[in-house]
file input-v1.cif (mmCIF, C-alpha atoms and all ligand atoms)
data_input
#
loop_
_atom_site.label_atom_id
_atom_site.label_comp_id
_atom_site.auth_asym_id
_atom_site.auth_seq_id
_atom_site.Cartn_x
_atom_site.Cartn_y
_atom_site.Cartn_z
CA MET S 1 76.42 -29.58 106.83
CA TYR S 2 73.34 -31.38 108.26
CA ASN S 3 74.20 -35.03 108.79
CA GLN S 4 72.40 -37.96 110.36
CA LYS S 5 73.68 -36.97 113.83
CA LEU S 6 71.04 -34.24 113.99
CA PRO S 7 67.98 -35.18 116.07
CA LYS S 8 64.93 -36.51 114.22
CA GLY S 9 62.70 -33.63 113.08
CA PHE S 10 65.50 -31.03 113.21
CA VAL S 11 64.28 -27.63 112.00
CA THR S 12 66.57 -27.00 109.02
CA PRO S 13 67.02 -23.48 107.54
CA GLU S 14 64.43 -24.37 104.87
CA LYS S 15 61.92 -25.32 107.57
CA VAL S 16 62.74 -22.13 109.51
CA VAL S 17 61.64 -20.11 106.47
CA CYS S 18 58.28 -21.95 106.34
CA GLN S 19 57.78 -21.63 110.10
CA ALA S 20 58.64 -17.94 109.97
CA GLU S 21 55.91 -17.37 107.38
CA ALA S 22 53.37 -19.35 109.41
CA LEU S 23 54.26 -17.55 112.65
CA SER S 24 54.11 -14.15 111.02
CA SER S 25 50.68 -14.73 109.49
CA THR S 26 49.21 -16.19 112.73
CA LEU S 27 50.55 -13.25 114.76
CA ARG S 28 49.10 -10.69 112.38
CA LYS S 29 45.75 -12.48 112.35
CA HIS S 30 45.56 -12.73 116.16
CA PHE S 31 46.69 -9.15 116.66
CA ARG S 32 43.95 -7.93 114.32
CA HIS S 33 41.42 -10.06 116.19
CA PHE S 34 42.36 -9.19 119.79
CA SER S 35 44.04 -5.78 119.93
CA ARG S 36 41.04 -3.52 119.30
CA LYS S 37 38.71 -5.52 121.55
CA PHE S 38 41.20 -5.74 124.43
CA LYS S 39 42.09 -2.04 124.14
CA ARG S 40 38.41 -1.20 124.53
CA GLU S 41 38.22 -3.42 127.62
CA GLY S 42 41.38 -1.96 129.18
CA ILE S 43 43.52 -5.09 128.74
CA ASP S 44 47.15 -4.30 127.85
CA CYS S 45 48.61 -7.81 128.06
CA PHE S 46 47.47 -10.79 126.08
CA ARG S 47 48.69 -13.91 124.26
CA LEU S 48 49.20 -13.72 120.52
CA TYR S 49 50.76 -17.08 119.81
CA ASP S 50 50.19 -20.15 121.97
CA TRP S 51 52.06 -23.07 120.39
CA ASP S 52 49.26 -22.93 117.78
CA ALA S 53 51.13 -25.13 115.28
CA PRO S 54 52.63 -28.33 116.76
CA ASP S 55 56.04 -27.77 115.13
CA ILE S 56 56.36 -24.11 116.27
CA ARG S 57 56.73 -24.67 119.99
CA MET S 58 56.59 -21.05 121.09
CA VAL S 59 54.48 -18.47 122.86
CA VAL S 60 54.35 -14.76 122.06
CA ASP S 61 52.82 -12.38 124.58
CA TRP S 62 51.92 -8.73 124.04
CA TYR S 63 52.70 -6.29 126.87
CA ALA S 64 51.43 -2.84 125.90
CA GLY S 65 53.55 -2.50 122.75
CA ARG S 66 56.38 -4.82 123.83
CA ILE S 67 56.56 -8.56 123.15
CA VAL S 68 57.93 -11.56 125.04
CA VAL S 69 58.87 -14.40 122.70
CA ALA S 70 59.53 -17.76 124.34
CA GLU S 71 60.55 -21.12 122.97
CA TYR S 72 59.96 -24.40 124.75
CA GLU S 73 63.49 -25.75 124.69
CA ARG S 74 64.23 -28.76 122.50
CA LEU S 75 67.06 -30.40 120.61
CA GLN S 76 65.43 -29.93 117.21
CA THR S 77 66.26 -26.23 116.90
CA GLY S 78 69.64 -24.61 116.44
CA PRO S 79 71.08 -21.78 118.58
CA GLU S 80 69.86 -19.09 116.17
CA TYR S 81 66.27 -20.30 115.95
CA LEU S 82 64.76 -18.30 118.81
CA SER S 83 66.32 -14.98 117.79
CA GLN S 84 65.30 -15.58 114.16
CA MET S 85 61.71 -16.24 115.16
CA ALA S 86 61.75 -13.26 117.55
CA SER S 87 62.73 -10.90 114.73
CA VAL S 88 60.00 -12.38 112.56
CA ALA S 89 57.50 -11.72 115.38
CA ALA S 90 58.79 -8.16 115.79
CA GLY S 91 58.42 -7.53 112.05
CA ALA S 92 54.90 -8.98 111.91
CA LEU S 93 53.75 -6.83 114.84
CA ASN S 94 55.71 -3.72 113.96
CA VAL S 95 57.65 -3.72 117.24
CA SER S 96 61.17 -2.26 117.37
CA PRO S 97 64.00 -4.65 118.40
CA ASP S 98 64.55 -2.93 121.77
CA LYS S 99 61.00 -3.90 122.73
CA VAL S 100 61.49 -7.63 122.13
CA TYR S 101 62.34 -9.94 125.06
CA ILE S 102 63.30 -13.55 124.48
CA ARG S 103 63.02 -16.53 126.82
CA ARG S 104 63.87 -20.21 126.76
CA ARG S 105 61.53 -22.38 128.79
CA HIS S 106 61.80 -25.95 130.01
CA THR S 107 58.69 -28.03 129.31
CA ASN S 108 59.56 -30.01 132.44
CA THR S 109 59.09 -27.58 135.36
CA ALA S 110 61.01 -29.94 137.68
CA ARG S 111 64.20 -29.08 135.79
CA GLY S 112 64.91 -25.52 136.69
CA PRO S 113 64.19 -22.85 139.27
CA ARG S 114 61.37 -20.85 137.72
CA TYR S 115 61.33 -17.69 139.77
CA THR S 116 65.03 -16.81 139.87
CA LYS S 117 66.55 -13.57 138.66
CA ILE S 118 68.13 -13.46 135.16
CA ASP S 119 69.09 -9.77 134.97
CA SER S 120 68.91 -6.71 137.21
CA SER S 121 67.90 -3.83 134.99
CA GLY S 122 65.16 -2.93 137.48
CA LYS S 123 63.16 -1.67 134.51
CA ARG S 124 59.47 -1.99 135.13
CA PHE S 125 56.39 -0.40 133.69
CA GLU S 126 52.70 -0.20 134.40
CA VAL S 127 50.06 -2.18 132.52
CA ARG S 128 46.27 -2.26 132.74
CA GLU S 129 44.08 -5.27 133.29
CA LEU S 130 40.45 -4.13 133.23
CA THR S 131 40.06 -1.93 136.33
CA LEU S 132 43.43 -2.90 137.85
CA ARG S 133 47.00 -1.76 137.21
CA PHE S 134 50.11 -3.91 137.66
CA TRP S 135 53.87 -3.42 137.47
CA VAL S 136 55.58 -5.77 135.01
CA ASN S 137 59.27 -6.36 134.38
CA LEU S 138 60.16 -8.06 131.12
CA SER S 139 63.92 -8.22 131.52
CA ASP S 140 64.90 -9.40 134.99
CA TYR S 141 63.01 -12.67 135.58
CA LEU S 142 61.78 -15.64 133.58
CA ASP S 143 58.22 -14.55 134.38
CA THR S 144 57.04 -10.97 134.09
CA GLY S 145 55.02 -10.34 137.28
CA LEU S 146 51.65 -10.95 135.64
CA TYR S 147 50.03 -14.24 134.66
CA SER S 148 47.36 -13.14 132.21
CA ASP S 149 45.88 -16.63 131.90
CA HIS S 150 44.31 -15.89 135.32
CA ARG S 151 42.70 -12.64 134.17
CA ASN S 152 39.19 -14.13 134.41
CA THR S 153 39.89 -15.83 137.76
CA ARG S 154 40.86 -12.42 139.19
CA VAL S 155 37.46 -11.12 138.10
CA ILE S 156 35.76 -14.03 139.91
CA ILE S 157 37.76 -13.39 143.10
CA GLY S 158 37.04 -9.66 142.89
CA LYS S 159 33.29 -10.27 142.65
CA LEU S 160 33.29 -12.56 145.70
CA SER S 161 35.48 -10.38 147.92
CA GLN S 162 33.14 -7.83 149.48
CA GLY S 163 33.57 -8.00 153.28
CA LYS S 164 35.77 -11.13 153.10
CA ASP S 165 38.99 -12.06 154.88
CA PHE S 166 41.16 -13.15 151.96
CA LEU S 167 44.19 -15.44 151.96
CA ASN S 168 46.51 -15.40 148.92
CA LEU S 169 48.92 -18.33 149.32
CA PHE S 170 51.95 -18.57 146.96
CA ALA S 171 50.96 -15.03 146.09
CA TYR S 172 53.79 -14.01 143.69
CA THR S 173 53.27 -10.31 142.87
CA GLY S 174 49.91 -10.10 144.64
CA THR S 175 47.69 -9.61 141.61
CA PHE S 176 44.93 -11.63 143.31
CA THR S 177 45.36 -9.57 146.47
CA CYS S 178 44.74 -6.45 144.37
CA ALA S 179 41.61 -8.05 142.87
CA ALA S 180 40.29 -8.95 146.33
CA ALA S 181 41.19 -5.57 147.83
CA ALA S 182 39.53 -3.74 144.94
CA GLY S 183 36.47 -5.97 145.37
CA GLY S 184 36.05 -4.78 148.95
CA ALA S 185 37.81 -7.47 151.03
CA LYS S 186 37.79 -6.59 154.75
CA SER S 187 41.35 -7.90 155.13
CA THR S 188 43.96 -9.71 153.06
CA VAL S 189 46.98 -11.86 153.90
CA THR S 190 49.52 -12.32 151.10
CA VAL S 191 52.02 -15.15 151.64
CA ASP S 192 55.12 -15.84 149.55
CA ARG S 193 58.61 -16.98 150.43
CA SER S 194 60.20 -14.28 148.28
CA ARG S 195 60.80 -10.80 149.74
CA THR S 196 61.17 -9.44 146.19
CA TYR S 197 57.69 -10.60 145.20
CA LEU S 198 56.12 -9.37 148.43
CA ASP S 199 57.62 -5.91 147.85
CA TRP S 200 56.25 -6.09 144.30
CA ALA S 201 52.82 -7.07 145.72
CA LYS S 202 52.90 -4.01 147.97
CA ASP S 203 53.86 -1.82 145.00
CA ASN S 204 50.91 -3.26 143.07
CA LEU S 205 48.55 -2.44 145.94
CA VAL S 206 49.98 1.09 146.14
CA LEU S 207 49.66 1.50 142.36
CA ASN S 208 45.94 0.76 142.65
CA GLY S 209 45.49 3.09 145.63
CA LEU S 210 44.60 0.08 147.79
CA TRP S 211 47.44 -0.12 150.32
CA GLY S 212 46.36 0.10 153.96
CA LYS S 213 46.71 -1.56 157.35
CA GLN S 214 44.06 -4.17 156.51
CA HIS S 215 46.63 -5.78 154.16
CA THR S 216 49.36 -8.02 155.59
CA LEU S 217 52.34 -9.35 153.66
CA VAL S 218 53.95 -12.49 155.11
CA GLN S 219 57.34 -13.77 153.98
CA SER S 220 57.24 -17.46 154.78
CA ASP S 221 57.29 -20.95 153.44
CA ALA S 222 53.59 -21.60 152.80
CA ILE S 223 53.47 -24.94 154.65
CA THR S 224 55.05 -23.42 157.75
CA TYR S 225 52.71 -20.44 157.51
CA LEU S 226 49.63 -22.72 157.47
CA HIS S 227 50.73 -24.52 160.66
CA ASN S 228 51.54 -21.29 162.50
CA ALA S 229 48.40 -19.48 161.32
CA TYR S 230 46.24 -22.38 162.53
CA SER S 231 47.82 -22.25 166.02
CA ARG S 232 47.40 -18.47 166.13
CA GLY S 233 43.68 -18.86 165.29
CA GLU S 234 43.83 -16.94 161.98
CA ARG S 235 40.74 -17.70 159.89
CA PHE S 236 39.60 -16.75 156.36
CA THR S 237 36.42 -16.62 154.30
CA LEU S 238 38.00 -16.54 150.82
CA ALA S 239 41.30 -17.97 149.58
CA PHE S 240 43.30 -18.40 146.39
CA VAL S 241 46.00 -21.08 146.41
CA ASP S 242 48.24 -21.43 143.35
CA PRO S 243 51.34 -23.47 144.26
CA PRO S 244 54.33 -24.14 142.02
CA SER S 245 54.43 -27.73 140.72
CA PHE S 246 57.46 -28.54 142.87
CA PHE S 247 59.39 -26.83 145.63
CA LYS S 248 61.88 -27.62 148.28
CA ASP S 249 62.64 -25.48 151.30
CA ASP S 250 65.65 -26.87 153.15
CA SER S 251 65.46 -24.37 156.00
CA ALA S 252 61.84 -25.30 156.74
CA ARG S 253 62.60 -28.97 155.87
CA VAL S 254 59.68 -29.20 153.47
CA SER S 255 59.42 -30.43 149.91
CA PHE S 256 56.33 -30.42 147.73
CA ASP S 257 55.26 -32.24 144.59
CA ILE S 258 51.86 -31.04 143.42
CA ASN S 259 50.68 -34.46 142.23
CA LEU S 260 51.54 -36.14 145.51
CA ASP S 261 50.97 -33.39 148.05
CA HIS S 262 48.00 -31.28 146.94
CA PRO S 263 45.39 -33.15 149.07
CA GLU S 264 47.36 -32.45 152.26
CA LEU S 265 47.97 -28.83 151.25
CA ILE S 266 44.26 -28.26 150.57
CA ARG S 267 43.25 -29.97 153.84
CA ASN S 268 45.64 -27.69 155.74
CA VAL S 269 44.21 -24.58 154.04
CA LEU S 270 40.67 -25.76 154.80
CA LYS S 271 41.51 -25.86 158.53
CA LEU S 272 41.79 -22.06 158.31
CA MET S 273 38.53 -21.55 156.40
CA GLN S 274 35.28 -20.58 158.08
CA PRO S 275 32.14 -22.59 157.26
CA GLY S 276 30.42 -21.13 154.19
CA SER S 277 33.65 -19.84 152.70
CA ASP S 278 35.24 -20.31 149.27
CA LEU S 279 38.64 -21.68 148.35
CA PHE S 280 40.04 -21.49 144.83
CA PHE S 281 42.81 -23.95 144.01
CA SER S 282 44.83 -23.69 140.80
CA THR S 283 47.81 -25.37 139.17
CA ASN S 284 49.59 -24.94 135.86
CA HIS S 285 51.10 -28.44 136.00
CA GLN S 286 50.31 -29.94 132.58
CA ARG S 287 49.94 -33.51 133.87
CA PHE S 288 48.06 -32.83 137.08
CA THR S 289 45.75 -35.54 138.43
CA PRO S 290 43.38 -34.27 141.11
CA ARG S 291 42.79 -36.47 144.16
CA PHE S 292 39.92 -34.78 145.97
CA ASP S 293 38.22 -37.86 147.53
CA ASP S 294 39.25 -37.03 151.09
CA ILE S 295 38.81 -33.27 150.88
CA PRO S 296 36.24 -32.19 153.49
CA ALA S 297 34.20 -29.75 151.38
CA LYS S 298 30.52 -29.22 150.58
CA GLN S 299 31.18 -29.10 146.86
CA ILE S 300 34.13 -29.04 144.47
CA ILE S 301 33.49 -27.46 141.08
CA LYS S 302 35.98 -27.57 138.22
CA LEU S 303 36.06 -24.07 136.69
CA THR S 304 38.44 -24.63 133.80
CA PRO S 305 38.56 -24.52 130.86
CA LYS S 306 35.61 -22.07 131.07
CA THR S 307 37.70 -19.46 132.89
CA ILE S 308 40.70 -19.54 130.55
CA PRO S 309 40.71 -16.34 128.47
CA GLU S 310 39.99 -16.60 124.75
CA ASP S 311 43.51 -15.50 123.79
CA TYR S 312 44.92 -18.69 125.41
CA ARG S 313 44.42 -21.49 122.90
CA ASN S 314 46.02 -24.03 125.28
CA ARG S 315 42.84 -24.83 127.22
CA ASN S 316 44.96 -26.71 129.77
CA THR S 317 47.21 -23.74 130.56
CA HIS S 318 46.04 -23.99 134.16
CA ASN S 319 43.38 -25.96 135.97
CA CYS S 320 41.28 -24.35 138.63
CA TRP S 321 38.68 -25.57 141.13
CA HIS S 322 36.20 -23.77 143.35
CA ILE S 323 36.03 -25.60 146.68
CA LYS S 324 32.96 -24.64 148.71
CA VAL S 325 33.45 -25.12 152.43
C1 LIG E 1 52.78 -20.07 140.43
S1 LIG E 1 53.42 -18.66 141.29
C2 LIG E 1 51.92 -18.06 141.89
C3 LIG E 1 51.24 -17.17 140.88
C4 LIG E 1 50.20 -16.22 141.46
N1 LIG E 1 49.12 -16.96 142.06
C5 LIG E 1 49.64 -15.30 140.38
O1 LIG E 1 48.72 -15.71 139.67
O2 LIG E 1 50.17 -14.20 140.20
C6 LIG E 1 54.21 -19.41 142.65
C7 LIG E 1 54.78 -18.48 143.75
O3 LIG E 1 55.07 -19.35 144.86
C8 LIG E 1 56.21 -18.86 145.53
N2 LIG E 1 56.76 -19.98 146.30
C9 LIG E 1 57.52 -21.02 145.86
N3 LIG E 1 57.75 -21.88 146.87
C10 LIG E 1 57.12 -21.37 147.97
C11 LIG E 1 56.99 -21.80 149.31
N4 LIG E 1 57.55 -22.92 149.74
N5 LIG E 1 56.27 -21.06 150.16
C12 LIG E 1 55.69 -19.88 149.74
N6 LIG E 1 55.80 -19.42 148.50
C13 LIG E 1 56.50 -20.15 147.61
C14 LIG E 1 57.12 -18.31 144.46
O4 LIG E 1 58.00 -17.34 145.01
C15 LIG E 1 56.07 -17.73 143.47
O5 LIG E 1 55.89 -16.38 143.77
#
call {"tool": "encode", "arguments": {"input": "input-v1.cif", "output": "structure tokens"}}
result
Amino acid sequence: MYNQKLPKGFVTPEKVVCQAEALSSTLRKHFRHFSRKFKREGIDCFRLYDWDAPDIRMVVDWYAGRIVVAEYERLQTGPEYLSQMASVAAGALNVSPDKVYIRRRHTNTARGPRYTKIDSSGKRFEVRELTLRFWVNLSDYLDTGLYSDHRNTRVIIGKLSQGKDFLNLFAYTGTFTCAAAAGGAKSTVTVDRSRTYLDWAKDNLVLNGLWGKQHTLVQSDAITYLHNAYSRGERFTLAFVDPPSFFKDDSARVSFDINLDHPELIRNVLKLMQPGSDLFFSTNHQRFTPRFDDIPAKQIIKLTPKTIPEDYRNRNTHNCWHIKV
């Protein structure tokens, strides 16, 4: 049945059995370690498996009693592999099958649109992250609405926000806007090109009792927004900028490749920043090379891996810098 045409390192049924045992025992160990502690701290969402063994290229995330099981796509596994491993994960964590959500991910983020819709169940539920609440949706999109690897960065932003004018660029579901608003920001501007995510950001603000006229949601290509905001004289004292690795916007005639274009993006954000202000720049590109030589800043401090939460064993899951203006 398995002949030499199979790719080198193919995970045969015998290997699946071994991997299932290893996955199950790691999940149980991590759940024992994290669940009680995170419950005490008010954290409902956390990572239980983070590609811990090189040959089990998966992540398993806990969302308040539900799990998202994702495999980094490769030729070495058969079509049944992901669902087999997902039922192993469900068994190890005592989660019923209707609470298991599976995903296939590309390791190369240039290959597929990351933020597109995959279903339209509209099912969402509320989760806690320390003092904040967020809506998550595990069925309709590749991502869930909450990036927990930035849990600690949200705390940093929250602590710096009192009295600040905050810009959240590439804002997604506005979790950083909530952190800044809860931290006492005077005003916030939340920019994303997706109407769906901006509506979600508003719902998150409402959920936290933070919605008000000091918060502005802007549906725009980020590059176009920066040019227009500069001409209009909009200025900020705190910003969080977390671009996708690549994007293309034909209507605005812009394309962006994080490795090539981040210096120009950061310089354009800095034009909007008041002296003495703080810009946080983050990327989850796994082969990112910073080029900060020509960035006009007082100081640039690399925050990661210190800020990556303990449940993320991939210490390169994102990289984040604090740019002092
Ligand atoms: C990496 S996510 C940001 C994650 C967010 N900072 C968080 O932690 O929740 C990237 C976001 O950028 C948005 N986006 C992609 N291309 C864009 C563009 N050209 N202009 C503005 N937003 C864009 C996507 O819709 C998505 O919401």
call {"tool": "residues_near_ligand", "arguments": {"input": "input-v1.cif", "ligand": "ligand LIG 1 (chain E)", "cutoff": "9 Å", "atoms": "all atoms listed in the file", "output": "ChimeraX atom specification"}}
result
/S:114-116,145-151,154,168-176,191-198,219-225,240-249,252,254-256,282-284
call {"tool": "axis_aligned_box", "arguments": {"input": "input-v1.cif", "around": "region 63-74 of chain S", "padding_each_side": "5 Å", "output": "lines of an AutoDock Vina configuration file"}}
result
center_x = 57.8
center_y = -15.6
center_z = 124.7
size_x = 22.8
size_y = 36.3
size_z = 14.4
call {"tool": "closest_atom_pairs", "arguments": {"input": "input-v1.cif", "of": "region 220-281 of chain S", "to": "region 304-322 of chain S", "cutoff": "8 Å", "atoms": "only C-alpha atoms", "output": "JSON lines"}}
result
{"residue": "S:Asp278", "atom": "CA", "partner": "S:His322", "partner_atom": "CA", "distance": 6.9}
{"residue": "S:Leu279", "atom": "CA", "partner": "S:His322", "partner_atom": "CA", "distance": 5.9}
{"residue": "S:Phe280", "atom": "CA", "partner": "S:His322", "partner_atom": "CA", "distance": 4.7}
{"residue": "S:Phe281", "atom": "CA", "partner": "S:Trp321", "partner_atom": "CA", "distance": 5.3}
call {"tool": "atom_distance", "arguments": {"input": "input-v1.cif", "atom1": "CA of Asp199 (chain S)", "atom2": "CA of Val136 (chain S)"}}
result
13.0 Å
call {"tool": "closest_residue", "arguments": {"input": "input-v1.cif", "among": "S:Arg267, S:Arg291, S:Lys186, S:Arg66", "to": "Ala89 (chain S)", "atoms": "all atoms listed in the file"}}
result
S:Arg66
call {"tool": "atom_distance", "arguments": {"input": "input-v1.cif", "atom1": "CA of Lys302 (chain S)", "atom2": "CA of Leu132 (chain S)"}}
result
25.8 Å
call {"tool": "atom_distance", "arguments": {"input": "input-v1.cif", "atom1": "CA of Val269 (chain S)", "atom2": "CA of Thr188 (chain S)"}}
result
14.9 Å
call {"tool": "closest_residue", "arguments": {"input": "input-v1.cif", "among": "S:Val88, S:Ala64, S:Val95, S:Ile301", "to": "Trp135 (chain S)", "atoms": "all atoms listed in the file"}}
result
S:Ala64
call {"tool": "residues_near_point", "arguments": {"input": "input-v1.cif", "point": "(65.6, -24.1, 125.7)", "cutoff": "8 Å", "atoms": "all atoms listed in the file", "output": "number ranges by chain"}}
result
S: 71-74, 104-106
call {"tool": "closest_residue", "arguments": {"input": "input-v1.cif", "among": "S:Leu130, S:Val206, S:Ile266, S:Ala239", "to": "Asn152 (chain S)", "atoms": "only C-alpha atoms"}}
result
S:Leu130
call {"tool": "residues_around", "arguments": {"input": "input-v1.cif", "residues": "Cys18 (chain S)", "least_positions_apart": "3", "cutoff": "12 Å", "atoms": "all atoms listed in the file", "output": "MDAnalysis selection string"}}
result
chainID S and resid 11:15 21:25 53 55:56 85 88
call {"tool": "residues_around", "arguments": {"input": "input-v1.cif", "residues": "Leu270 (chain S)", "least_positions_apart": "3", "cutoff": "9 Å", "atoms": "all atoms listed in the file", "output": "ChimeraX atom specification"}}
result
/S:265-267,273-274,279,295-297,325
call {"tool": "residues_around", "arguments": {"input": "input-v1.cif", "residues": "Asp61 (chain S)", "least_positions_apart": "4", "cutoff": "8 Å", "atoms": "all atoms listed in the file", "output": "ChimeraX atom specification"}}
result
/S:45-49,67-69
call {"tool": "residues_around", "arguments": {"input": "input-v1.cif", "residues": "Leu210 (chain S)", "least_positions_apart": "4", "cutoff": "12 Å", "atoms": "only C-alpha atoms", "output": "ChimeraX atom specification"}}
result
/S:132-133,174-175,177-188,201-206,214-215
call {"tool": "decode", "arguments": {"input": "input-v1.cif", "residues": "region 150-177 of chain S", "atoms": "C-alpha atoms", "output": "mmCIF file, in the first residue's frame"}}
result
data_model
loop_
_atom_site.group_PDB
_atom_site.id
_atom_site.type_symbol
_atom_site.label_atom_id
_atom_site.label_comp_id
_atom_site.auth_asym_id
_atom_site.auth_seq_id
_atom_site.Cartn_x
_atom_site.Cartn_y
_atom_site.Cartn_z
ATOM 1 C CA HIS S 150 -0.153 39.181 22.253
ATOM 2 C CA ARG S 151 -1.811 38.851 25.668
ATOM 3 C CA ASN S 152 1.214 40.394 27.432
ATOM 4 C CA THR S 153 1.621 43.149 24.820
ATOM 5 C CA ARG S 154 -1.990 44.197 25.473
ATOM 6 C CA VAL S 155 -1.102 44.565 29.147
ATOM 7 C CA ILE S 156 1.865 46.798 28.217
ATOM 8 C CA ILE S 157 -0.321 48.975 25.966
ATOM 9 C CA GLY S 158 -3.013 49.180 28.643
ATOM 10 C CA LYS S 159 -0.507 50.398 31.234
ATOM 11 C CA LEU S 160 0.816 53.135 28.931
ATOM 12 C CA SER S 161 -2.556 54.399 27.714
ATOM 13 C CA GLN S 162 -3.763 56.832 30.370
ATOM 14 C CA GLY S 163 -4.574 60.155 28.652
ATOM 15 C CA LYS S 164 -3.074 59.022 25.312
ATOM 16 C CA ASP S 165 -4.310 59.384 21.739
ATOM 17 C CA PHE S 166 -3.970 55.810 20.482
ATOM 18 C CA LEU S 167 -3.640 54.552 16.912
ATOM 19 C CA ASN S 168 -4.298 50.854 16.210
ATOM 20 C CA LEU S 169 -3.186 50.189 12.629
ATOM 21 C CA PHE S 170 -4.115 46.829 10.993
ATOM 22 C CA ALA S 171 -6.379 46.529 14.001
ATOM 23 C CA TYR S 172 -8.237 43.250 13.226
ATOM 24 C CA THR S 173 -10.899 42.817 15.953
ATOM 25 C CA GLY S 174 -9.668 45.765 18.015
ATOM 26 C CA THR S 175 -8.340 43.856 21.007
ATOM 27 C CA PHE S 176 -5.547 46.428 21.416
ATOM 28 C CA THR S 177 -8.089 49.240 21.142
#
